[in-house]
Each structure stands twice: as C-alpha cells, then as structure tokens.
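Working notes for the structure below.
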Amino acid sequence: MFSNLRMIALAGSAAIALAACHGHMQVVSASSDAVTIRHTPDAGGEAQRQALSECQRYGKKDRLRSSHSEGTNETFTIWDCVPL
C-alpha cells in the first residue's frame, strides 16, 4: 500500500512540475461576439488556439482586438469572433 501511495504522490509531483514548465491559460469569458483569455506570456499560442476554437463554435473565426499585461506575469487578450 505504501508503494502505491508513493507512486501516486510522485505522479502528482511530476504533473505539477510539468504544469509549471508550461504556460497557464484560462478562458475568462466567451460568447458569439468575443473571447477573453488570461494567460502567461509563454502560453500566447495556446490562448490563440483556444480563442479560435471558441469562435468556431459559432461558425466564426477569431480576430485579435487587444492584449495587455497585468504586471503579474499574466496577459489578458481579447479576440473578436467575426464572420468567416
């Protein structure tokens, strides 16, 4: 049993370490008109792909509206969802 718990703990630690190496991204809001995503600078590409995915749900494509840094190693980026 101890061995299983230890393996679970090691797997959890590895997952946390991998997450720390990759950027953080969170969809703040999404609608048929726009998508706002908060992300770390190194997750900009992932954020753009997520914005495209969100807009495609409405048969639209993404177009960058604005992006600004919050000074906390996070960037807020807004994409408009525009007709194809």
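Residue numbering restarts at 1 for every chain of the structure tokens, chains are lettered A, B, ... in their displayed order, and ligands are numbered from 1 as they appear.
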Q | Contacts of Ala43 (chain A) within 9 Å, only C-alpha atoms, excl. fewer than 3 positions in-chain, as a VMD selection string | A | chain A and resid 22 to 25 39 to 40 46 to 48
Next, dump the selected residues to file, keeping only C-alpha atoms, as a PDB file, in the first residue's frame.
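What ended up in selection-v5.pdb:
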```
ATOM      1  CA  HIS A  22       4.083  25.185 -19.462  1.00  0.00           C
ATOM      2  CA  GLY A  23       2.127  28.381 -19.531  1.00  0.00           C
ATOM      3  CA  HIS A  24      -1.133  28.927 -17.769  1.00  0.00           C
ATOM      4  CA  MET A  25      -4.249  29.797 -19.724  1.00  0.00           C
ATOM      5  CA  HIS A  39      -2.627  33.641 -19.887  1.00  0.00           C
ATOM      6  CA  THR A  40       1.042  33.742 -19.088  1.00  0.00           C
ATOM      7  CA  GLU A  46      -2.260  28.135 -26.762  1.00  0.00           C
ATOM      8  CA  ALA A  47      -4.549  31.052 -25.918  1.00  0.00           C
ATOM      9  CA  GLN A  48      -4.908  31.949 -29.599  1.00  0.00           C
TER      10      GLN A  48
END
```
Q) Could you name the residues that touch region 53-67 of chain A at 8 Å or less, counting only C-alpha atoms, but leaving out those on the same chain fewer than 4 positions away, as a list in words? A)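 Contacts, in chain order: Ala30, Ser31, Ser32, Ala34, Val35, Arg49, Thr75, Phe76, Thr77, Ile78, Trp79, Asp80, Cys81, Val82, Pro83 and Leu84 of chain A.
Counting from CA of Arg38 (chain A), the distance to CA of Glu74 (chain A) is 6.5 Å.
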Q) What residues in region 19-67 of chain A get the DSSP label helix (DSSP H, G or I)? Please answer as a PyMOL selection string. A) chain A and resi 19-21+41-56
Q: Quote the spacing between CA of Ser69 (chain A) and CA of Thr36 (chain A) in Å to one decimal place.
A: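 Atom-to-atom, CA of Ser69 (chain A) and CA of Thr36 (chain A) are spaced 13.1 Å apart.
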